[in-house]
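**Q** Hey, dropping input_27.txt in here, compact mmCIF, C-alpha atoms and all ligand atoms:
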# COMPACT_ATOMS: atom_id res chain seq x y z
CA MET A 175 28.44 24.07 48.61
CA ASP A 176 24.84 24.29 47.47
CA MET A 177 24.51 22.53 44.12
CA SER A 178 20.72 22.37 44.14
CA ARG A 179 19.01 22.92 40.84
CA ASP A 180 17.24 26.08 41.92
CA LYS A 181 20.63 27.76 42.17
CA TRP A 182 21.37 27.01 38.55
CA SER A 183 20.96 29.40 35.70
CA GLN A 184 17.98 29.28 33.38
CA PHE A 185 20.31 27.56 30.89
CA GLY A 186 21.45 25.01 33.49
CA ARG A 187 17.96 24.18 34.68
CA GLN A 188 16.77 23.72 31.14
CA MET A 189 19.68 21.88 29.56
CA GLY A 190 20.83 20.07 32.70
CA GLY A 191 17.41 18.72 33.66
CA GLU A 192 15.63 15.61 32.51
CA THR A 193 14.51 15.79 28.91
CA GLY A 194 12.83 13.25 26.66
CA ILE A 195 15.98 12.87 24.59
CA MET A 196 18.07 12.25 27.72
CA ARG A 197 15.70 9.56 28.99
CA LEU A 198 15.75 7.96 25.56
CA MET A 199 19.55 8.01 25.31
CA ASN A 200 19.90 6.65 28.86
CA ASP A 201 17.52 3.76 28.19
CA LEU A 202 19.34 3.10 24.95
CA GLY A 203 22.75 3.24 26.60
CA ARG A 204 21.74 0.86 29.41
CA ALA A 205 20.23 -1.61 26.98
CA MET A 206 23.27 -1.49 24.71
CA ALA A 207 25.61 -1.90 27.69
CA GLY A 208 23.69 -5.05 28.57
CA GLN A 209 22.80 -3.98 32.11
CA ASP A 210 19.18 -4.91 31.51
CA ARG A 211 18.14 -7.65 29.13
CA MET A 212 16.09 -5.59 26.76
CA LEU A 213 14.60 -5.97 23.32
CA MET A 214 15.89 -2.70 22.02
CA LEU A 215 13.18 -1.21 19.83
CA GLY A 216 13.74 2.24 21.27
CA GLY A 217 16.61 4.34 19.98
CA GLY A 218 17.74 5.50 16.58
CA ASN A 219 20.92 3.50 16.35
CA PRO A 220 21.63 2.45 12.78
CA ALA A 221 21.90 -1.25 12.05
CA GLN A 222 25.24 -2.97 11.51
CA ILE A 223 25.20 -3.84 7.81
CA PRO A 224 28.16 -6.10 6.96
CA ALA A 225 28.68 -4.66 3.45
CA VAL A 226 28.75 -1.14 4.90
CA GLN A 227 30.96 -2.03 7.85
CA ALA A 228 33.40 -3.59 5.39
CA VAL A 229 33.70 -0.26 3.58
CA TRP A 230 34.53 1.66 6.76
CA ARG A 231 37.07 -1.01 7.77
CA ARG A 232 38.65 -0.80 4.33
CA ARG A 233 38.80 2.98 4.53
CA MET A 234 40.42 2.90 7.96
CA GLY A 235 43.00 0.46 6.58
CA GLU A 236 43.71 2.84 3.69
CA ILE A 237 44.22 5.74 6.07
CA LEU A 238 46.54 3.66 8.25
CA ALA A 239 48.53 2.58 5.22
CA ASP A 240 48.84 6.10 3.84
CA GLY A 241 52.14 7.38 5.26
CA ASP A 242 51.52 9.65 8.23
CA ALA A 243 47.87 10.33 7.30
CA TYR A 244 46.58 8.57 10.42
CA ASP A 245 48.91 10.47 12.76
CA ARG A 246 48.02 13.78 11.16
CA LEU A 247 44.31 12.96 11.42
CA LEU A 248 44.48 12.33 15.15
CA ALA A 249 47.06 14.94 16.04
CA ASN A 250 45.58 17.99 14.32
CA TYR A 251 42.55 20.06 15.12
CA ASP A 252 40.13 20.41 12.24
CA THR A 253 38.94 23.95 11.48
CA PRO A 254 35.55 25.02 12.88
CA LYS A 255 34.19 25.12 9.32
CA GLY A 256 35.35 21.60 8.48
CA GLU A 257 38.10 20.00 6.43
CA PRO A 258 38.48 21.97 3.18
CA ARG A 259 39.07 18.90 1.00
CA PHE A 260 35.97 17.22 2.43
CA ILE A 261 33.89 20.33 1.79
CA GLU A 262 35.23 20.53 -1.78
CA ALA A 263 34.37 16.87 -2.38
CA PHE A 264 30.91 17.22 -0.86
CA THR A 265 30.11 20.37 -2.83
CA ALA A 266 31.29 18.85 -6.11
CA PHE A 267 29.28 15.69 -5.39
CA LEU A 268 26.04 17.61 -4.76
CA ASN A 269 26.51 19.68 -7.90
CA ARG A 270 27.54 16.77 -10.15
CA GLN A 271 24.78 14.41 -9.01
CA PHE A 272 21.92 16.77 -8.19
CA GLY A 273 22.78 20.09 -9.83
CA LEU A 274 22.26 21.95 -6.55
CA GLY A 275 24.57 24.88 -7.29
CA VAL A 276 26.28 24.73 -3.90
CA ARG A 277 29.60 26.53 -3.27
CA PRO A 278 32.08 25.70 -0.49
CA GLU A 279 30.98 28.97 1.15
CA ASN A 280 27.57 27.34 1.58
CA VAL A 281 28.87 24.38 3.59
CA ALA A 282 29.89 23.88 7.21
CA ILE A 283 30.65 20.76 9.21
CA THR A 284 29.41 20.29 12.77
CA ASN A 285 29.85 17.67 15.45
CA GLY A 286 26.70 15.82 14.40
CA GLY A 287 23.37 16.87 13.00
CA GLN A 288 22.08 17.25 16.55
CA PHE A 289 24.61 19.98 17.27
CA ALA A 290 23.87 21.63 13.93
CA PHE A 291 20.22 21.94 14.97
CA PHE A 292 21.09 23.30 18.40
CA CYS A 293 23.00 26.10 16.67
CA LEU A 294 20.51 26.69 13.87
CA LEU A 295 17.38 26.71 16.03
CA ASN A 296 18.93 29.11 18.54
CA LEU A 297 20.50 31.23 15.84
CA LEU A 298 17.15 31.85 14.20
CA ALA A 299 14.67 31.77 17.08
CA GLY A 300 14.54 33.23 20.56
CA ARG A 301 14.51 36.90 21.51
CA SER A 302 15.20 39.07 18.50
CA ALA A 303 17.15 42.34 18.63
CA GLY A 304 13.89 44.20 19.21
CA ASP A 305 13.11 41.70 22.01
CA ALA A 306 10.15 40.24 20.17
CA PRO A 307 9.95 36.46 20.39
CA ARG A 308 10.95 34.63 17.20
CA ARG A 309 9.75 31.07 16.86
CA ILE A 310 10.24 27.84 14.93
CA LEU A 311 7.28 26.30 13.16
CA PHE A 312 7.20 22.53 12.79
CA PRO A 313 4.63 22.19 10.04
CA MET A 314 3.61 18.62 10.79
CA MET A 315 3.75 17.12 14.25
CA PRO A 316 4.88 14.67 15.52
CA GLU A 317 8.52 15.59 14.92
CA TYR A 318 12.00 14.55 16.02
CA ILE A 319 12.25 14.42 19.82
CA GLY A 320 15.83 15.70 19.61
CA TYR A 321 14.66 19.23 18.72
CA ALA A 322 12.42 19.36 21.79
CA GLY A 323 14.82 20.50 24.49
CA GLN A 324 17.15 22.47 22.24
CA SER A 325 15.72 25.95 22.34
CA LEU A 326 17.35 28.16 24.94
CA THR A 327 14.29 30.39 25.13
CA PRO A 328 10.98 29.10 26.50
CA ASP A 329 7.90 28.99 24.29
CA THR A 330 9.86 28.99 21.04
CA TYR A 331 8.25 26.08 19.22
CA ARG A 332 5.00 25.97 17.36
CA GLY A 333 3.88 22.63 16.01
CA ALA A 334 1.03 22.12 13.57
CA PRO A 335 -1.12 19.00 13.92
CA PRO A 336 -1.24 16.85 10.79
CA ARG A 337 -4.14 15.94 8.56
CA ILE A 338 -4.69 12.20 8.78
CA GLU A 339 -5.19 10.28 5.59
CA PHE A 340 -6.43 6.71 6.10
CA ARG A 341 -5.06 4.34 3.46
CA ASP A 342 -6.79 1.13 4.57
CA ALA A 343 -8.16 -0.46 7.75
CA HIS A 344 -4.79 -0.37 9.54
CA ARG A 345 -2.66 2.02 7.47
CA PHE A 346 -2.53 5.83 7.47
CA LYS A 347 -0.32 8.74 6.43
CA TYR A 348 0.05 12.18 7.96
CA ARG A 349 -0.16 15.10 5.54
CA ILE A 350 0.70 18.73 6.10
CA ASP A 351 -2.57 20.48 6.83
CA PHE A 352 -1.97 23.54 4.65
CA ASP A 353 -5.53 24.79 5.24
CA ARG A 354 -4.76 25.25 8.93
CA LEU A 355 -1.06 26.03 8.76
CA GLU A 356 -0.48 29.52 10.08
CA VAL A 357 2.81 31.33 9.62
CA GLY A 358 2.61 34.32 11.94
CA ASN A 359 5.00 37.25 12.03
CA ASP A 360 6.75 35.62 14.98
CA ILE A 361 7.88 32.62 12.91
CA ALA A 362 11.62 32.73 12.17
CA ALA A 363 11.93 29.43 10.30
CA ILE A 364 10.00 26.33 9.26
CA CYS A 365 11.65 23.04 10.19
CA LEU A 366 11.00 19.40 9.36
CA SER A 367 12.77 16.07 9.10
CA ARG A 368 12.48 14.16 5.83
CA PRO A 369 11.99 11.21 6.23
CA THR A 370 10.30 12.15 9.46
CA ASN A 371 11.49 10.75 12.71
CA PRO A 372 9.31 9.28 14.34
CA THR A 373 6.71 8.40 11.72
CA GLY A 374 8.71 7.26 8.69
CA ASN A 375 6.74 9.75 6.62
CA VAL A 376 8.36 11.27 3.56
CA VAL A 377 6.92 14.71 2.93
CA THR A 378 6.24 14.75 -0.81
CA ASP A 379 8.10 16.94 -3.29
CA ASP A 380 4.86 18.92 -3.74
CA GLU A 381 4.39 19.45 -0.02
CA LEU A 382 8.01 20.58 0.25
CA ALA A 383 7.57 23.00 -2.65
CA ARG A 384 4.46 24.46 -0.99
CA LEU A 385 6.33 24.87 2.30
CA HIS A 386 9.14 26.59 0.47
CA THR A 387 6.70 28.99 -1.20
CA LEU A 388 5.26 29.79 2.23
CA ALA A 389 8.72 30.30 3.71
CA GLN A 390 9.70 32.61 0.85
CA ALA A 391 6.49 34.59 1.16
CA HIS A 392 7.45 35.27 4.79
CA GLY A 393 11.14 35.80 4.05
CA ILE A 394 12.22 32.99 6.38
CA PRO A 395 14.34 29.86 5.84
CA LEU A 396 13.04 26.33 5.48
CA LEU A 397 15.18 23.86 7.48
CA ILE A 398 15.20 20.33 6.08
CA ASP A 399 16.74 17.58 8.18
CA ASN A 400 17.98 14.80 5.90
CA ALA A 401 19.42 12.58 8.65
CA TYR A 402 17.82 9.48 7.08
CA GLY A 403 17.22 10.91 3.68
CA LEU A 404 18.81 11.90 0.41
CA PRO A 405 21.41 11.57 -0.88
CA PHE A 406 22.84 9.36 1.87
CA PRO A 407 22.02 7.17 3.72
CA GLY A 408 19.02 7.27 1.38
CA ILE A 409 16.65 5.34 3.66
CA VAL A 410 13.73 6.52 1.55
CA PHE A 411 11.23 4.05 0.09
CA ALA A 412 8.94 6.63 -1.55
CA ASP A 413 9.57 8.90 -4.55
CA ALA A 414 11.48 11.97 -3.44
CA ARG A 415 13.97 14.37 -4.96
CA LEU A 416 16.86 16.20 -3.36
CA THR A 417 16.67 19.93 -4.03
CA TRP A 418 18.09 23.02 -2.39
CA PRO A 419 15.28 25.53 -2.54
CA ALA A 420 16.52 29.13 -2.52
CA GLY A 421 17.29 30.36 0.98
CA SER A 422 16.72 26.98 2.60
CA VAL A 423 18.98 25.05 4.94
CA LEU A 424 19.79 21.38 4.41
CA VAL A 425 21.26 19.32 7.23
CA PHE A 426 22.96 15.98 6.53
CA SER A 427 24.58 13.48 8.82
CA LEU A 428 27.06 10.62 8.51
CA SER A 429 25.42 8.80 11.44
CA LYS A 430 22.94 6.63 9.59
CA LEU A 431 25.68 5.57 7.19
CA GLY A 432 26.82 3.53 10.15
CA LEU A 433 29.13 6.23 11.54
CA PRO A 434 27.30 7.76 14.53
CA GLY A 435 30.49 7.46 16.58
CA THR A 436 32.25 9.96 14.32
CA ARG A 437 29.71 12.72 15.18
CA THR A 438 29.62 14.39 11.78
CA GLY A 439 26.91 16.72 10.53
CA ILE A 440 26.99 18.75 7.32
CA VAL A 441 25.01 21.95 6.76
CA VAL A 442 24.25 23.55 3.40
CA ALA A 443 22.88 27.07 3.77
CA PRO A 444 23.11 30.66 2.55
CA GLU A 445 26.47 32.18 3.41
CA PRO A 446 25.43 34.36 6.38
CA ILE A 447 24.02 31.31 8.14
CA ILE A 448 27.19 29.31 7.44
CA GLU A 449 29.36 32.14 8.78
CA ALA A 450 27.32 32.28 11.98
CA LEU A 451 27.47 28.50 12.37
CA VAL A 452 31.23 28.47 11.99
CA ALA A 453 31.54 31.19 14.62
CA MET A 454 29.25 29.28 17.02
CA ASN A 455 31.11 26.06 16.33
CA SER A 456 34.43 27.60 17.24
CA VAL A 457 33.09 29.05 20.50
CA ILE A 458 31.26 25.92 21.62
CA SER A 459 33.26 23.08 20.06
CA LEU A 460 36.54 24.67 18.96
CA ALA A 461 36.80 22.22 16.08
CA ASN A 462 35.01 19.33 14.42
CA GLY A 463 35.72 15.64 14.64
CA ASN A 464 37.67 14.85 11.48
CA VAL A 465 37.56 11.04 11.35
CA GLY A 466 34.17 10.77 9.67
CA GLN A 467 35.17 13.31 7.06
CA ALA A 468 38.38 11.37 6.31
CA LEU A 469 36.55 8.04 6.06
CA VAL A 470 33.86 9.31 3.70
CA ARG A 471 35.67 11.81 1.41
CA PRO A 472 36.86 9.37 -1.30
CA LEU A 473 33.34 7.91 -1.55
CA LEU A 474 32.07 11.39 -2.38
CA GLU A 475 34.82 11.91 -4.94
CA ASP A 476 33.91 8.78 -6.91
CA ASP A 477 30.16 8.85 -6.12
CA ASP A 478 30.45 5.48 -4.44
CA ILE A 479 28.45 6.86 -1.53
CA LEU A 480 25.38 6.72 -3.78
CA ARG A 481 26.04 3.14 -4.81
CA LEU A 482 26.47 2.17 -1.16
CA SER A 483 23.25 3.92 -0.16
CA ARG A 484 21.21 2.55 -3.04
CA THR A 485 22.49 -1.01 -3.20
CA ALA A 486 23.37 -1.82 0.41
CA ILE A 487 21.70 0.56 2.87
CA ARG A 488 18.26 1.25 1.43
CA PRO A 489 17.48 -2.38 0.43
CA PHE A 490 18.61 -3.60 3.85
CA TYR A 491 16.23 -1.27 5.68
CA GLU A 492 13.40 -1.67 3.21
CA ALA A 493 13.43 -5.46 3.65
CA LYS A 494 13.48 -5.03 7.44
CA ALA A 495 10.60 -2.57 7.32
CA GLN A 496 8.50 -4.89 5.13
CA GLN A 497 9.17 -7.80 7.44
CA ALA A 498 8.22 -5.78 10.52
CA LEU A 499 5.01 -4.58 8.85
CA ALA A 500 4.13 -8.16 7.94
CA TRP A 501 4.64 -9.21 11.57
CA VAL A 502 2.45 -6.38 12.80
CA GLY A 503 -0.30 -7.67 10.48
CA GLU A 504 0.24 -11.19 11.77
CA PHE A 505 0.48 -10.50 15.52
CA PHE A 506 -2.02 -7.70 16.05
CA ASN A 507 -5.63 -8.69 16.48
CA ASP A 508 -7.37 -7.46 13.33
CA GLY A 509 -10.35 -6.33 15.39
CA LEU A 510 -8.29 -3.76 17.30
CA ASP A 511 -8.45 -0.11 16.33
CA TYR A 512 -4.72 0.04 15.60
CA HIS A 513 -3.08 1.95 12.75
CA VAL A 514 0.44 1.94 11.36
CA HIS A 515 1.88 4.94 9.56
CA CYS A 516 2.96 4.18 5.99
CA CYS A 517 6.63 3.34 6.31
CA GLU A 518 8.28 5.47 3.61
CA GLY A 519 11.71 5.74 5.18
CA ALA A 520 13.82 6.13 8.36
CA LEU A 521 14.17 3.37 10.92
CA PHE A 522 10.80 3.33 12.62
CA LEU A 523 7.25 2.07 12.66
CA TRP A 524 4.80 4.54 14.15
CA LEU A 525 1.92 2.69 15.76
CA TRP A 526 -1.29 4.43 16.74
CA PHE A 527 -3.76 2.69 19.07
CA ARG A 528 -6.91 4.69 18.70
CA GLY A 529 -8.98 4.96 21.89
CA LEU A 530 -6.33 3.14 23.94
CA PRO A 531 -7.56 3.23 27.57
CA ILE A 532 -4.03 3.77 28.95
CA SER A 533 -1.55 6.50 28.00
CA ASP A 534 1.42 5.92 25.72
CA VAL A 535 3.73 6.44 28.71
CA GLU A 536 1.90 3.78 30.71
CA LEU A 537 2.17 1.43 27.72
CA TYR A 538 5.90 2.23 27.50
CA GLU A 539 6.33 1.37 31.21
CA ARG A 540 4.40 -1.88 30.84
CA LEU A 541 6.50 -2.85 27.82
CA LYS A 542 9.69 -1.97 29.64
CA ARG A 543 8.66 -4.26 32.48
CA ARG A 544 8.31 -7.02 29.88
CA GLY A 545 11.77 -6.27 28.51
CA VAL A 546 10.76 -4.30 25.41
CA LEU A 547 12.02 -0.78 24.91
CA VAL A 548 10.03 1.58 22.66
CA VAL A 549 9.57 5.36 22.76
CA PRO A 550 6.29 6.89 23.95
CA GLY A 551 4.70 8.88 21.13
CA SER A 552 3.82 11.92 23.25
CA TYR A 553 7.52 12.89 23.40
CA PHE A 554 7.30 13.76 19.71
CA PHE A 555 4.38 16.16 20.11
CA PHE A 556 6.29 19.09 21.60
CA GLY A 557 5.39 22.65 20.81
CA THR A 558 1.75 21.96 20.11
CA GLY A 559 -1.34 23.02 21.91
CA ASP A 560 -3.66 20.10 21.64
CA ALA A 561 -2.98 17.56 18.91
CA GLY A 562 -5.97 15.52 20.06
CA PRO A 563 -6.09 12.15 21.80
CA GLN A 564 -3.63 10.54 19.36
CA GLN A 565 -0.90 12.51 21.13
CA HIS A 566 -1.14 9.90 23.93
CA GLU A 567 -2.01 6.88 21.79
CA CYS A 568 1.15 6.24 19.77
CA ILE A 569 4.51 4.57 20.19
CA ARG A 570 7.63 4.55 18.04
CA VAL A 571 9.22 1.19 17.32
CA ASN A 572 12.69 0.80 15.79
CA TYR A 573 12.51 -2.08 13.29
CA THR A 574 16.24 -2.43 12.57
CA GLN A 575 17.38 -4.92 15.19
CA SER A 576 17.82 -8.65 14.55
CA GLU A 577 14.81 -10.57 13.23
CA ALA A 578 14.48 -12.42 16.54
CA THR A 579 14.48 -9.17 18.55
CA VAL A 580 11.95 -7.35 16.36
CA ARG A 581 9.69 -10.39 16.10
CA GLU A 582 9.68 -11.09 19.84
CA GLY A 583 9.26 -7.41 20.60
CA LEU A 584 6.25 -7.08 18.31
CA VAL A 585 4.65 -10.21 19.79
CA ILE A 586 4.93 -8.65 23.27
CA ILE A 587 3.68 -5.25 22.07
CA ALA A 588 0.66 -6.93 20.48
CA GLU A 589 -0.08 -8.80 23.73
CA GLU A 590 0.26 -5.71 25.92
CA VAL A 591 -1.84 -3.56 23.60
CA GLU A 592 -4.59 -6.16 23.55
CA ARG A 593 -4.47 -6.37 27.36
CA ALA A 594 -4.70 -2.59 27.57
CA TYR A 595 -7.73 -2.43 25.26
CA ARG A 596 -9.39 -5.21 27.25
CA GLY A 597 -8.54 -3.51 30.54
CA THR A 598 -6.95 -6.66 31.96
N1 LIG A 601 17.86 14.50 12.98
C1 LIG A 601 17.12 13.40 13.12
C2 LIG A 601 15.77 13.37 12.50
C3 LIG A 601 17.60 12.30 13.84
O1 LIG A 601 16.83 11.23 14.00
C4 LIG A 601 18.88 12.38 14.41
C5 LIG A 601 19.44 11.27 15.19
O2 LIG A 601 18.88 10.21 15.33
C6 LIG A 601 19.61 13.56 14.24
C7 LIG A 601 19.08 14.59 13.51
C8 LIG A 601 20.96 13.74 14.83
O3 LIG A 601 21.89 12.92 14.26
P1 LIG A 601 23.45 13.06 14.51
O4 LIG A 601 23.66 14.09 15.57
O5 LIG A 601 23.89 11.69 14.94
O6 LIG A 601 24.02 13.49 13.19
Could I get this structure in the form of structure tokens?
Ligand code: PLP

**A**
Amino acid sequence: MDMSRDKWSQFGRQMGGETGIMRLMNDLGRAMAGQDRMLMLGGGNPAQIPAVQAVWRRRMGEILADGDAYDRLLANYDTPKGEPRFIEAFTAFLNRQFGLGVRPENVAITNGGQFAFFCLLNLLAGRSAGDAPRRILFPMMPEYIGYAGQSLTPDTYRGAPPRIEFRDAHRFKYRIDFDRLEVGNDIAAICLSRPTNPTGNVVTDDELARLHTLAQAHGIPLLIDNAYGLPFPGIVFADARLTWPAGSVLVFSLSKLGLPGTRTGIVVAPEPIIEALVAMNSVISLANGNVGQALVRPLLEDDDILRLSRTAIRPFYEAKAQQALAWVGEFFNDGLDYHVHCCEGALFLWLWFRGLPISDVELYERLKRRGVLVVPGSYFFFGTGDAGPQQHECIRVNYTQSEATVREGLVIIAEEVERAYRGT
């Protein structure tokens, strides 16, 4: 039997081949399984926060103690739309706390935010009925690597380079470059993560409002990925509000609440989009995982999810981020042309080594040989023409591991970067 790749379908070659996200997940998996001794500053795994873990243990105990609730949970398929009581609780929570005006008809559950985006991006973009290509615009690259391989149609992504705002000698922030942002007739949706993975940027409320105005002017949805954002896990250190601009799509996830193993995503969108998602979900997944929904529902009903996010999750990550930034300042030679993106949320530091004589991928390989796993920045610049030399001069560093791991990792990164600049 000939199983060579060139016999595979277009779908098989694309989705079954090596992608950035697959390489990342494999490196992550190997490091977590302890096959290599690695300082794991690569993936997006949330930290284990004792106060948060205690809540999920307590909830599991409550489910186990609640008659046959546990047996029913495991023995029954969820519906492709999601558990009705969870959707009720989530809808009421959003309306009570944020006045979003969401109805249960506007909500669907998916097996993770990642799967929600696979469905949404392919629902909106690709070949339209008239065969014209419809595309996704990422208004500020770099963006989440996980979107990169998801489109089933080639040449579907457009990414706009950012405007760079220098804050001080070693600090900068990307801004949406509205002067150069073009929304052509081929654009089917605008999509961004907030906070942004990989940079830790939080697109401001004003920038978001301007994007929404643009989307409305073109009659297309704005997709906002809140995987790290509001209202939970709330890993946001800058001022930001949660809104549901008319016609837009919000995607939430339980993963960064410490529940990535439950694979639970939540989508809020206009009804036709939700109906399509539910249909796609039933064809591709049949049903959703229900454990995450069962664990979290009571915390939505009594708003405790907000308390947990604000008093346990955000402060934990903010302290870690501040510590990591302080170490960068300490370990990196001040004379180097290095720049760190303002860390306004998410789990990452985005480091830019301007004029670095080696590529980001070469730096990644050198760091891996020294037992430090990061992610090369160029993976996050998909869908762009030329974003300039910085496309090959950045790395993403996860700052959430133990103090010893992050500290040692940053010491080694600083050494390798200095060697690279010196050409030794
Ligand atoms: N969106 C962003 C920006 C992410 O970083 C991730 C995962 O790290 C996801 C979506 C997908 O999350 P999940 O599928 O675990 O809900």

**Q** Would you give me, as JSON lines, each residue of chain A having an atom within 6 Å of an atom of ligand LIG 601 (chain A), along with its shortest atom pair and that distance in Å to one decimal, using all atoms listed in the file and sorting by chain and residue number?

**A**
{"residue": "A:Gly218", "atom": "CA", "partner": "A:LIG601", "partner_atom": "O2", "distance": 5.0}
{"residue": "A:Gly286", "atom": "CA", "partner": "A:LIG601", "partner_atom": "O4", "distance": 3.7}
{"residue": "A:Gly287", "atom": "CA", "partner": "A:LIG601", "partner_atom": "O6", "distance": 3.4}
{"residue": "A:Gln288", "atom": "CA", "partner": "A:LIG601", "partner_atom": "O4", "distance": 3.7}
{"residue": "A:Tyr318", "atom": "CA", "partner": "A:LIG601", "partner_atom": "C2", "distance": 5.3}
{"residue": "A:Ser367", "atom": "CA", "partner": "A:LIG601", "partner_atom": "C2", "distance": 5.3}
{"residue": "A:Asn371", "atom": "CA", "partner": "A:LIG601", "partner_atom": "C2", "distance": 5.0}
{"residue": "A:Asp399", "atom": "CA", "partner": "A:LIG601", "partner_atom": "N1", "distance": 5.8}
{"residue": "A:Ala401", "atom": "CA", "partner": "A:LIG601", "partner_atom": "N1", "distance": 5.0}
{"residue": "A:Ser427", "atom": "CA", "partner": "A:LIG601", "partner_atom": "O6", "distance": 4.4}
{"residue": "A:Ser429", "atom": "CA", "partner": "A:LIG601", "partner_atom": "O5", "distance": 4.8}
{"residue": "A:Pro434", "atom": "CA", "partner": "A:LIG601", "partner_atom": "O5", "distance": 5.2}
{"residue": "A:Arg437", "atom": "CA", "partner": "A:LIG601", "partner_atom": "O5", "distance": 5.9}
{"residue": "A:Thr438", "atom": "CA", "partner": "A:LIG601", "partner_atom": "O6", "distance": 5.8}
{"residue": "A:Gly439", "atom": "CA", "partner": "A:LIG601", "partner_atom": "O6", "distance": 5.1}

**Q** Quick one: distance from atom CA of A:Ala263 to atom CA of A:Leu473 in Å, one decimal?

**A**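 Going from atom CA of A:Ala263 over to atom CA of A:Leu473, I get 9.1 Å.
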
**Q** I want to know what sits within 9 Å of stretch 488-491 of chain A, based on only C-alpha atoms, with residues of the same chain fewer than 6 positions away left out; could you give that as a list of chain:residue names?

**A** A:Ala221, A:Ile223, A:Pro407, A:Gly408, A:Ile409, A:Val410, A:Phe411, A:Leu482, A:Gly519, A:Ala520, A:Leu521, A:Tyr573, A:Thr574

**Q** I need the residue nearest A:His515 from this list: A:Ala303, A:Leu469, A:Cys568, A:Met214. Use only C-alpha atoms for the distance.

**A**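 Using only C-alpha atoms, the shortest distance to A:His515 belongs to A:Cys568.
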
**Q** Kindly give the distance, in Å, that separates atom CA of A:Leu366 and atom CA of A:Leu396, rounded to a single decimal.

**A**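 The value is 8.2 Å.
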
**Q** Please provide as JSON, numbers by chain all residues within 8 Å of A:Asn400, with the sequence filter that same-chain residues fewer than 5 positions apart are discarded (counting only C-alpha atoms).

**A** {"A": [367, 368, 369, 424, 425, 426, 427]}

**Q** Just to be explicit: take each residue in the selection above, keep C-alpha atoms, and write the result as an mmCIF file, in the frame of the given file.

**A**
data_model
loop_
_atom_site.group_PDB
_atom_site.id
_atom_site.type_symbol
_atom_site.label_atom_id
_atom_site.label_comp_id
_atom_site.auth_asym_id
_atom_site.auth_seq_id
_atom_site.Cartn_x
_atom_site.Cartn_y
_atom_site.Cartn_z
ATOM 1 C CA SER A 367 12.770 16.070 9.100
ATOM 2 C CA ARG A 368 12.480 14.160 5.830
ATOM 3 C CA PRO A 369 11.990 11.210 6.230
ATOM 4 C CA LEU A 424 19.790 21.380 4.410
ATOM 5 C CA VAL A 425 21.260 19.320 7.230
ATOM 6 C CA PHE A 426 22.960 15.980 6.530
ATOM 7 C CA SER A 427 24.580 13.480 8.820
#

**Q** Go ahead and compute the interatomic distance for atom CA of A:Thr253 and atom CA of A:Ala461, in Å to one decimal.

**A**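 That distance, rounded to one decimal, is 5.4 Å.
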
**Q** Give the answer as one residue: which of A:Pro258, A:Pro316, A:Gly241, A:Pro531 has the shortest atom-to-atom distance to A:Arg593, using only C-alpha atoms?

**A** A:Pro531

**Q** Name all residues at most 10 Å from A:Arg277 (count only C-alpha atoms; drop same-chain ones fewer than 6 positions away) and give them as an mmCIF file with C-alpha atoms, keeping the file's coordinate frame.

**A**
data_model
loop_
_atom_site.group_PDB
_atom_site.id
_atom_site.type_symbol
_atom_site.label_atom_id
_atom_site.label_comp_id
_atom_site.auth_asym_id
_atom_site.auth_seq_id
_atom_site.Cartn_x
_atom_site.Cartn_y
_atom_site.Cartn_z
ATOM 1 C CA ILE A 261 33.890 20.330 1.790
ATOM 2 C CA GLU A 262 35.230 20.530 -1.780
ATOM 3 C CA PHE A 264 30.910 17.220 -0.860
ATOM 4 C CA THR A 265 30.110 20.370 -2.830
ATOM 5 C CA ALA A 266 31.290 18.850 -6.110
ATOM 6 C CA LEU A 268 26.040 17.610 -4.760
ATOM 7 C CA ASN A 269 26.510 19.680 -7.900
ATOM 8 C CA VAL A 442 24.250 23.550 3.400
ATOM 9 C CA ALA A 443 22.880 27.070 3.770
ATOM 10 C CA PRO A 444 23.110 30.660 2.550
ATOM 11 C CA GLU A 445 26.470 32.180 3.410
#

**Q** Select, counting all atoms listed in the file, all protein, DNA and RNA residues no farther than 8 Å from (5.6, 7.9, 11.9) in file coordinates, and express the selection as a ChimeraX atom specification.

**A** /A:316,370-375,514-517,522-525,570
